[in-house]
Structures are given as C-alpha cells and as structure tokens.
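Structure file target12.cif (mmCIF, C-alpha atoms) is printed below.
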data_model
loop_
_atom_site.label_atom_id
_atom_site.label_comp_id
_atom_site.auth_asym_id
_atom_site.auth_seq_id
_atom_site.Cartn_x
_atom_site.Cartn_y
_atom_site.Cartn_z
CA MET A 49 -154.88 12.79 -54.25
CA LEU A 50 -154.37 10.22 -51.51
CA ASP A 51 -156.25 10.90 -48.33
CA THR A 52 -154.60 10.93 -44.92
CA MET A 53 -155.77 7.42 -44.04
CA THR A 54 -154.10 5.90 -47.10
CA VAL A 55 -150.80 7.68 -46.43
CA THR A 56 -150.88 6.46 -42.83
CA LYS A 57 -151.46 2.84 -43.94
CA VAL A 58 -148.57 3.00 -46.43
CA ALA A 59 -146.19 4.43 -43.81
CA ALA A 60 -147.25 1.83 -41.27
CA SER A 61 -146.69 -0.95 -43.80
CA LEU A 62 -143.16 0.30 -44.53
CA CYS A 63 -142.32 0.53 -40.83
CA LEU A 64 -143.67 -2.97 -40.24
CA ALA A 65 -141.61 -4.34 -43.17
CA LEU A 66 -138.45 -2.66 -41.80
CA LEU A 67 -139.12 -4.07 -38.32
CA VAL A 68 -139.57 -7.59 -39.71
CA PHE A 69 -136.33 -7.25 -41.69
CA LEU A 70 -134.37 -6.12 -38.63
CA MET A 71 -135.85 -8.91 -36.51
CA GLY A 72 -134.92 -11.49 -39.14
CA LYS A 73 -131.35 -10.18 -39.32
CA TRP A 74 -131.01 -10.28 -35.53
CA VAL A 75 -132.24 -13.88 -35.40
CA ALA A 76 -129.91 -14.92 -38.25
CA ASP A 77 -126.89 -13.36 -36.53
CA GLY A 78 -127.70 -15.24 -33.36
CA LEU A 79 -127.98 -18.55 -35.17
CA TYR A 80 -125.02 -18.43 -37.54
CA SER A 81 -122.40 -16.07 -36.10
CA THR A 82 -119.17 -17.58 -34.64
CA ILE A 83 -117.45 -16.54 -31.45
CA ASP A 84 -114.18 -15.77 -33.21
CA ALA A 85 -113.79 -16.53 -36.86
CA TYR A 86 -109.99 -16.33 -36.56
CA GLU A 87 -109.49 -18.43 -33.45
CA THR A 88 -108.26 -21.95 -34.03
CA ALA A 89 -110.66 -24.32 -32.32
CA TYR A 90 -108.19 -27.22 -32.04
CA VAL A 91 -104.47 -27.34 -32.68
CA ILE A 92 -102.81 -30.58 -33.71
CA ASP A 93 -99.21 -30.73 -32.57
CA THR A 94 -97.24 -32.08 -35.51
CA GLY A 95 -93.87 -31.13 -34.08
CA ASP A 96 -91.47 -28.51 -35.35
CA ALA A 97 -91.27 -29.09 -39.08
CA GLY A 98 -88.18 -26.92 -39.38
CA GLY A 99 -86.37 -28.48 -36.44
CA GLU A 100 -85.22 -26.62 -33.38
CA ALA A 101 -83.47 -23.43 -34.36
CA GLU A 102 -79.99 -23.11 -32.94
CA GLU A 103 -79.56 -20.18 -30.61
CA ASP A 104 -77.19 -17.57 -31.96
CA THR A 105 -74.83 -17.05 -29.04
CA GLY A 106 -72.32 -15.03 -31.06
CA PRO A 107 -68.55 -15.60 -31.16
CA VAL A 108 -66.99 -17.59 -28.34
CA PHE A 109 -64.66 -15.87 -25.87
CA ALA A 110 -61.54 -17.49 -27.38
CA GLU A 111 -62.32 -15.92 -30.75
CA LEU A 112 -62.86 -12.49 -29.23
CA TYR A 113 -59.72 -12.78 -27.12
CA ALA A 114 -57.61 -13.75 -30.12
CA VAL A 115 -58.44 -10.41 -31.78
CA ALA A 116 -58.76 -8.32 -28.62
CA ASP A 117 -57.58 -4.70 -28.79
CA VAL A 118 -55.38 -3.75 -25.84
CA GLY A 119 -55.86 -0.04 -26.60
CA SER A 120 -59.62 -0.39 -26.48
CA GLY A 121 -59.24 -2.41 -23.29
CA GLU A 122 -57.30 0.42 -21.67
CA ARG A 123 -60.18 2.78 -22.48
CA VAL A 124 -62.69 0.32 -21.01
CA PHE A 125 -60.52 0.09 -17.89
CA GLY A 126 -61.37 3.76 -17.31
CA LYS A 127 -64.57 2.46 -15.68
CA CYS A 128 -62.45 0.53 -13.16
CA LYS A 129 -59.93 3.21 -12.19
CA ALA A 130 -62.01 4.51 -9.29
CA CYS A 131 -61.30 1.28 -7.38
CA HIS A 132 -58.37 -0.44 -9.12
CA ALA A 133 -54.86 0.40 -10.29
CA VAL A 134 -52.57 -1.55 -12.59
CA ASP A 135 -49.41 -0.59 -10.69
CA GLN A 136 -47.98 -3.50 -8.72
CA GLY A 137 -48.78 -3.22 -5.02
CA ALA A 138 -51.04 -0.18 -5.45
CA ASN A 139 -54.16 -1.36 -3.66
CA GLY A 140 -57.16 0.94 -3.43
CA THR A 141 -60.80 0.19 -2.79
CA GLY A 142 -60.04 -2.94 -4.81
CA PRO A 143 -56.81 -4.93 -5.20
CA TYR A 144 -54.15 -3.90 -7.71
CA LEU A 145 -54.56 -5.64 -11.07
CA TYR A 146 -50.97 -5.82 -12.28
CA GLY A 147 -50.48 -9.35 -13.64
CA VAL A 148 -53.95 -10.37 -12.52
CA VAL A 149 -54.42 -12.77 -15.43
CA GLY A 150 -53.09 -16.13 -14.26
CA ARG A 151 -52.81 -14.96 -10.65
CA ASP A 152 -54.48 -16.56 -7.63
CA VAL A 153 -57.69 -14.74 -6.79
CA ASP A 154 -56.51 -13.61 -3.34
CA ALA A 155 -52.87 -12.95 -4.18
CA ALA A 156 -52.75 -9.13 -4.04
CA THR A 157 -50.45 -8.50 -1.09
CA GLY A 158 -51.90 -6.20 1.54
CA PHE A 159 -55.52 -6.34 0.38
CA GLY A 160 -58.25 -7.73 2.62
CA TYR A 161 -60.43 -10.07 0.58
CA SER A 162 -64.00 -10.99 1.50
CA GLY A 163 -63.46 -14.66 0.68
CA ALA A 164 -66.43 -14.80 -1.73
CA LEU A 165 -64.24 -15.19 -4.82
CA SER A 166 -62.17 -18.06 -3.49
CA GLU A 167 -65.41 -19.99 -3.04
CA VAL A 168 -65.98 -20.13 -6.82
CA VAL A 169 -62.56 -19.86 -8.49
CA ASN A 170 -58.90 -20.33 -7.59
CA VAL A 171 -57.01 -18.67 -10.46
CA TRP A 172 -57.94 -15.67 -12.59
CA THR A 173 -57.88 -17.28 -16.01
CA PRO A 174 -59.15 -15.11 -18.90
CA GLU A 175 -62.31 -17.25 -18.99
CA ALA A 176 -62.92 -16.79 -15.25
CA LEU A 177 -62.43 -13.03 -15.55
CA ASP A 178 -64.85 -12.96 -18.48
CA ALA A 179 -67.54 -14.68 -16.43
CA PHE A 180 -66.85 -12.49 -13.39
CA LEU A 181 -66.90 -9.19 -15.29
CA LEU A 182 -70.25 -10.03 -16.89
CA LYS A 183 -72.07 -9.82 -13.52
CA PRO A 184 -69.73 -9.87 -10.53
CA LYS A 185 -72.41 -10.32 -7.86
CA ASP A 186 -74.04 -13.20 -9.75
CA TYR A 187 -70.69 -14.92 -10.32
CA ALA A 188 -69.50 -14.56 -6.72
CA PRO A 189 -72.41 -13.88 -4.34
CA GLY A 190 -71.17 -11.92 -1.35
CA THR A 191 -68.33 -10.16 -3.17
CA THR A 192 -67.68 -6.60 -2.03
CA MET A 193 -67.15 -5.47 -5.62
CA SER A 194 -70.06 -3.14 -6.40
CA PHE A 195 -69.44 -2.89 -10.16
CA ASN A 196 -72.51 -3.87 -12.21
CA GLY A 197 -70.47 -5.57 -14.95
CA LEU A 198 -69.68 -5.22 -18.65
CA ALA A 199 -72.51 -6.40 -20.89
CA LYS A 200 -70.57 -6.37 -24.18
CA PRO A 201 -68.40 -9.49 -24.73
CA GLU A 202 -65.98 -7.41 -26.82
CA ASP A 203 -65.43 -4.96 -23.94
CA ARG A 204 -64.68 -7.81 -21.55
CA ALA A 205 -62.23 -9.44 -23.96
CA ASN A 206 -60.46 -6.13 -24.60
CA VAL A 207 -60.09 -5.14 -20.96
CA ILE A 208 -58.87 -8.63 -19.98
CA ALA A 209 -56.28 -8.45 -22.78
CA TYR A 210 -55.18 -5.05 -21.44
CA LEU A 211 -54.79 -6.46 -17.93
CA ASP A 212 -53.01 -9.51 -19.32
CA ALA A 213 -50.48 -7.22 -21.00
CA THR A 214 -49.54 -5.38 -17.80
CA ASP A 215 -46.84 -7.91 -16.92
CA GLY A 216 -45.81 -8.50 -20.53
CA ASP A 217 -46.83 -12.15 -20.51
CA MET A 218 -49.93 -12.73 -22.65
CA THR A 219 -52.07 -15.80 -21.97
CA GLU A 220 -53.30 -17.94 -24.85
CA VAL A 221 -56.94 -19.05 -24.77
CA SER A 222 -57.92 -22.22 -26.60
CA ALA A 223 -61.29 -22.55 -28.31
CA PRO A 224 -63.59 -25.16 -26.75
CA ALA A 225 -63.88 -28.47 -28.59
CA THR A 226 -66.94 -28.65 -30.83
CA GLU A 227 -69.45 -31.50 -30.77
CA GLU A 228 -68.62 -32.29 -34.39
CA ALA A 229 -64.96 -32.74 -33.52
CA GLU A 230 -65.82 -34.99 -30.58
CA ASP A 231 -68.16 -37.06 -32.75
CA GLY A 232 -65.46 -37.34 -35.39
CA ALA A 233 -62.96 -38.53 -32.80
CA SER A 234 -65.43 -41.16 -31.61
CA LEU A 235 -65.96 -42.40 -35.15
CA ASP A 236 -62.21 -42.58 -35.72
CA GLU A 237 -61.81 -44.60 -32.56
CA GLY A 238 -64.60 -46.93 -33.68
CA ASP A 239 -62.96 -47.46 -37.09
CA GLY A 240 -59.69 -48.31 -35.37
CA ASP A 241 -61.40 -50.92 -33.22
CA THR A 242 -63.01 -52.48 -36.31
CA GLU A 243 -59.70 -52.59 -38.12
CA VAL A 244 -57.95 -54.24 -35.16
CA ALA A 245 -60.76 -56.80 -34.87
CA GLY A 246 -60.49 -57.60 -38.58
CA THR A 247 -56.73 -58.04 -38.27
CA GLU A 248 -57.15 -60.38 -35.31
CA GLU A 249 -59.65 -62.51 -37.29
CA ALA A 250 -57.22 -62.69 -40.23
CA VAL A 251 -54.41 -63.81 -37.93
CA THR A 252 -56.67 -66.45 -36.37
CA GLU A 253 -57.58 -67.85 -39.81
#
Do you think you could lay out the structure here as structure tokens?
Amino acid sequence: MLDTMTVTKVAASLCLALLVFLMGKWVADGLYSTIDAYETAYVIDTGDAGGEAEEDTGPVFAELYAVADVGSGERVFGKCKACHAVDQGANGTGPYLYGVVGRDVDAATGFGYSGALSEVVNVWTPEALDAFLLKPKDYAPGTTMSFNGLAKPEDRANVIAYLDATDGDMTEVSAPATEEAEDGASLDEGDGDTEVAGTEEAVTE
C-alpha cells in the first residue's frame, strides 16, 4: 500500500499540473482573443449596389378622390359635426361647410376668421383641403381650429368628396404629371427641333 507521503506527492503533482494548464490557457486567451469577432474593423463604401429604393408613398390624392365614397365621407364628417354644419349659413364654432370646395377660405358670411388660413391659401381646392385636414395646425400655424387631423388619406378624400357634393357641383382633380411624361415631352420636342434643322439644311442645299 502507498504511504501517506506518496499520496501527498501525487496529489500535489496533479494540482500543479492543473495550475500550469489554467495559467497557459489564461495567457493564450490574452494573446489571441479578439475584441469582437463579429465587428467589422473597416467598411469600404462601394455605394448602393441595388440603387436607391423608391419610397412607397401610396396612391396620389387624385386617384383616391376619383374613387372617393361620399357615404363614407359623411360618416367621417361625424368627427366634424361638433364645430361645423353643412347647411348654408349655419355657422357654429367653425364656419359652415356648404359648398366649401372651390370657395374662398374666408367666404363664410358671418364667421369671424383668425386670418391664419388666408396667409397660406386663397381657395379651398380639394388638394388644399387634403393638406389642411392632415394636420391643420401644421398647415396653417395660428389657426383656431383645434382638430388634430385625419391621418388616413382615404378618410380625407372621402370627407372632401362629401363636402364637395353638398352644393351638387363636384370638382374634378387631375393627377400630377409624372417625370416620365415630362421627359417624354422633352424628347419629343428635341426630335422636332432635329427634324426642322434637317429640313432647313435640305432647303439650303
């Protein structure tokens, strides 16, 4: 049987070997570990390979207005009834809105306007109403209208169509010209100039 001294030497040898192993591992980690193996040290800007993505702004107002639902607009107008009426001459906290589409901004007889609206727009076109109803206080700073606005473009188009129908005379909204159409027109004009120049040269010869 092994005596106590031998057992003690064996145990001490094992402990010393474990200590050396741990020390070696600690030193190796300090020498070879990275700060962040997943962090890119240097980024080379090669530009956007896919090109700049076009922002999806949704349908334009003219498209929404062309298919606007007057019935839905009347329901949306329920949010406005506390201050506005559609009966001609029936002013309340706000001016009456009968025939408001196409009307001068301060044309409601008997209503005292703040003057803030006339600083930014003269006539209530459907487009102007759309911009105003999005965020009234941003569109016309100083306006006394406390309504926070209608966030949904469809709701704005519908309620404007409803207001437009109050006097029975609907307003047509044209879609804005696209860049492609403008570029095409420029090219057509350029071709015409070339043709005229060629004709003039032929006449000269």
Starting from the displayed file, determine the output of the PyMOL selection byres ((chain A and resi 158) around 8) and express the residue list as a short mmCIF file (atom, residue, chain, number, x, y, z; two decimals) with C-alpha atoms, in the frame of the given file.
data_model
loop_
_atom_site.label_atom_id
_atom_site.label_comp_id
_atom_site.auth_asym_id
_atom_site.auth_seq_id
_atom_site.Cartn_x
_atom_site.Cartn_y
_atom_site.Cartn_z
CA GLY A 137 -48.78 -3.22 -5.02
CA ASN A 139 -54.16 -1.36 -3.66
CA ALA A 156 -52.75 -9.13 -4.04
CA THR A 157 -50.45 -8.50 -1.09
CA PHE A 159 -55.52 -6.34 0.38
CA GLY A 160 -58.25 -7.73 2.62
#
From A:Leu145, A:Ala179, A:Leu64, A:Met193, residue lying nearest Asp215 (chain A) [only C-alpha atoms]
A:Leu145
May I have the protein, DNA and RNA residues with any atom at most 12 Å from the point (-57.3, -7.3, -6.4), counting all atoms listed in the file, written as a PyMOL selection string?
chain A and resi 128+131-149+151-163+165+172+177+191-193+211
Take every atom of region 168-177 of chain A listed in the file, pad by 3 Å on each side, and give me the axis-aligned box centre and edge lengths in Å, one decimal, as lines of an AutoDock Vina configuration file.
center_x = -61.5
center_y = -16.7
center_z = -12.9
size_x = 15.0
size_y = 13.3
size_z = 18.2
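For the atom pair formed by CA of Leu181 (chain A) and CA of Asp217 (chain A), the distance is 20.9 Å, given to one decimal.
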